[in-house]
Amino acid sequence: MTSGLLLIDKAQGWTSHDAVARTRRLAGTRKVGHAGTLDPMATGLLVLGVNSSTRLLTFVVGLDKEYLATIRLGAATTTDDAEGEEITRSPAEAVAAIHAEAIAAGIAALTGDISQQPSAVSAIKVDGKRAYARVRAGEDVQLAERPVTVSSFELLSSTSVDGFLDLDVRVTCGSGTYIRALARDLGAGLGVGAHLTRLRRTRIGPFRIEDACLLDDLDVATAIISPTDAATRVLDRLDLSAQQAIDLGHGKRIAVTVVPGHSGPIAAIAPDGRLVGLVEVRGTTAKSILNFPADEPAVPATPVTPADASGESA
């Protein structure tokens, strides 16, 4: 059965869509989706769903994330990262004069529940069109600030490079946080401008980069995380009897005992370990809000030709 989640270590230069297109060929199905994009410049963890498990991606997107990044103090760019054009540059003396205490204070100001204006070159839609597409078309795009949560923003090291100051940082944050915007705002607060030169996503919820593989090394059959394993990593688990599994599959309510105050979907697991579906509990009964197929046949994989290595879209 080809269904489940795949953990991909996206290489630099690939878009998230490129990764999905390549995986479609390797998995032999067009039903592949991802849980949260990574910019082409960025590397690291991309969670992909295959076949019916694409339904689980909704519950992965909102999980907290961890990044390792390098922020270059001393220059601002149009995209807030190294792929954009430089728009301001501060004198090397001004950068060298920044004290460690000022950097620490700037980082502290960007930690916790904050308001953040996303980068104009982002995938956020403005009147039905991606913001980055509007920017490329020459429009002046100003996105509204939004609340985000930066759980931790840690300075790991700093290095002087050709009149700039490179800060290696680790950030853990909630969904919707832009690390590029953190770099931009830190540089603005210090009065010297800043942009990202490196970004690597190392974790999404319980899924870690250490368990991911490069697309060139991907063997879907051995790398795939089963629907049951995937669902129970991000949701609470409800073990069913054989009859309850049948009843849920037929759309019937079942009697359950859960911890008082529980809210949100629960992964309902049959005695044979199969993910029957996601259920919603009300009082002492549960009903299915999302069923998973009892038998999802594998689709023969399409051979991958050398041309696929370019990341060409399917």
# chains A, B, ... in the order shown; residues from 1 in each chain; ligands from 1
>>> select_by_dssp(residues="segment 43-206 of chain A", states="strand (DSSP E)", output="PyMOL selection string")
chain A and resi 43-50+65-73+75-77+86-89+112-116+125-126+129-130+146-161+164-173+194-204
>>> write_last_selection(atoms="C-alpha atoms", output="mmCIF file, in the first residue's frame")
data_model
loop_
_atom_site.group_PDB
_atom_site.id
_atom_site.type_symbol
_atom_site.label_atom_id
_atom_site.label_comp_id
_atom_site.auth_asym_id
_atom_site.auth_seq_id
_atom_site.Cartn_x
_atom_site.Cartn_y
_atom_site.Cartn_z
ATOM 1 C CA THR A 43 17.287 23.483 2.572
ATOM 2 C CA GLY A 44 15.966 20.969 5.012
ATOM 3 C CA LEU A 45 12.854 19.178 6.102
ATOM 4 C CA LEU A 46 9.881 18.922 3.780
ATOM 5 C CA VAL A 47 7.015 16.644 4.841
ATOM 6 C CA LEU A 48 5.207 15.056 1.910
ATOM 7 C CA GLY A 49 1.948 13.102 1.962
ATOM 8 C CA VAL A 50 1.277 10.289 -0.496
ATOM 9 C CA LYS A 65 9.068 24.367 13.438
ATOM 10 C CA GLU A 66 12.787 24.687 14.068
ATOM 11 C CA TYR A 67 15.324 26.387 11.799
ATOM 12 C CA LEU A 68 19.042 27.005 11.648
ATOM 13 C CA ALA A 69 19.887 30.226 9.829
ATOM 14 C CA THR A 70 22.616 32.732 9.124
ATOM 15 C CA ILE A 71 21.673 36.420 9.348
ATOM 16 C CA ARG A 72 24.047 38.867 7.690
ATOM 17 C CA LEU A 73 24.083 42.259 9.406
ATOM 18 C CA ALA A 75 22.949 44.994 4.135
ATOM 19 C CA ALA A 76 19.239 44.767 3.300
ATOM 20 C CA THR A 77 17.857 43.152 0.129
ATOM 21 C CA GLU A 86 20.921 44.757 -2.289
ATOM 22 C CA ILE A 87 19.037 47.954 -1.487
ATOM 23 C CA THR A 88 21.053 49.367 1.427
ATOM 24 C CA ARG A 89 24.530 48.765 2.804
ATOM 25 C CA GLY A 112 7.691 35.483 22.128
ATOM 26 C CA ASP A 113 4.287 36.521 20.804
ATOM 27 C CA ILE A 114 5.104 39.267 18.324
ATOM 28 C CA SER A 115 3.576 41.089 15.370
ATOM 29 C CA GLN A 116 5.361 40.448 12.089
ATOM 30 C CA LYS A 125 -2.177 35.539 -1.635
ATOM 31 C CA VAL A 126 -3.283 39.133 -2.231
ATOM 32 C CA LYS A 129 -2.590 36.269 -6.557
ATOM 33 C CA ARG A 130 0.647 35.289 -4.804
ATOM 34 C CA ARG A 146 0.097 39.360 11.672
ATOM 35 C CA PRO A 147 0.618 37.777 15.097
ATOM 36 C CA VAL A 148 3.212 35.002 15.230
ATOM 37 C CA THR A 149 4.965 33.094 17.989
ATOM 38 C CA VAL A 150 8.746 32.801 18.194
ATOM 39 C CA SER A 151 9.303 30.301 21.000
ATOM 40 C CA SER A 152 13.071 30.677 20.976
ATOM 41 C CA PHE A 153 15.607 32.776 19.070
ATOM 42 C CA GLU A 154 19.123 31.743 20.028
ATOM 43 C CA LEU A 155 22.442 33.178 18.870
ATOM 44 C CA LEU A 156 24.888 30.323 18.297
ATOM 45 C CA SER A 157 27.908 32.226 16.980
ATOM 46 C CA SER A 158 28.974 35.393 15.156
ATOM 47 C CA THR A 159 31.649 35.967 12.512
ATOM 48 C CA SER A 160 32.947 39.123 10.841
ATOM 49 C CA VAL A 161 33.040 38.723 7.040
ATOM 50 C CA PHE A 164 29.472 42.326 7.555
ATOM 51 C CA LEU A 165 28.611 40.431 10.712
ATOM 52 C CA ASP A 166 27.162 36.945 10.197
ATOM 53 C CA LEU A 167 24.997 35.596 13.012
ATOM 54 C CA ASP A 168 24.336 31.870 13.163
ATOM 55 C CA VAL A 169 21.013 31.374 14.952
ATOM 56 C CA ARG A 170 18.514 28.716 15.923
ATOM 57 C CA VAL A 171 14.811 29.607 15.829
ATOM 58 C CA THR A 172 11.788 27.622 16.972
ATOM 59 C CA CYS A 173 8.487 29.175 16.006
ATOM 60 C CA ALA A 194 20.155 42.545 7.416
ATOM 61 C CA HIS A 195 19.182 39.585 5.296
ATOM 62 C CA LEU A 196 19.370 35.795 5.375
ATOM 63 C CA THR A 197 22.259 34.023 3.696
ATOM 64 C CA ARG A 198 21.382 30.510 4.884
ATOM 65 C CA LEU A 199 18.205 28.795 6.060
ATOM 66 C CA ARG A 200 17.707 25.158 6.998
ATOM 67 C CA ARG A 201 14.535 23.672 8.487
ATOM 68 C CA THR A 202 15.456 20.961 10.963
ATOM 69 C CA ARG A 203 12.127 20.024 12.537
ATOM 70 C CA ILE A 204 8.361 20.148 12.028
#
>>> select_by_dssp(residues="segment 208-279 of chain A", states="helix (DSSP H, G or I)", output="NGL selection string")
:A and (209-211 or 215-217 or 220-223 or 227-234 or 242-249)
>>> closest_residue(among="A:Leu248, A:Ile107, A:Ala230, A:Ile269", to="Ser53 of chain A", atoms="only C-alpha atoms")
A:Ala230
>>> residues_around(residues="Leu143 of chain A", least_positions_apart="3", cutoff="7 Å", atoms="only C-alpha atoms", output="VMD selection string")
chain A and resid 117 to 118 120
>>> closest_residue(among="A:Thr2, A:Thr37, A:Gln243, A:Gln12", to="Ile225 of chain A", atoms="only C-alpha atoms")
A:Thr2
>>> residues_around(residues="Ala35 of chain A", least_positions_apart="2", cutoff="12 Å", atoms="only C-alpha atoms", output="number ranges by chain")
A: 5-8, 16-17, 19-20, 32-33, 37-38, 45-50, 53-65, 175, 204-205, 207
>>> closest_residue(among="A:Glu93, A:Val220, A:Ile289, A:Gly191", to="Thr29 of chain A", atoms="only C-alpha atoms")
A:Val220
>>> atom_distance(atom1="atom CA of Ile103 of chain A", atom2="atom CA of Arg184 of chain A")
13.2 Å
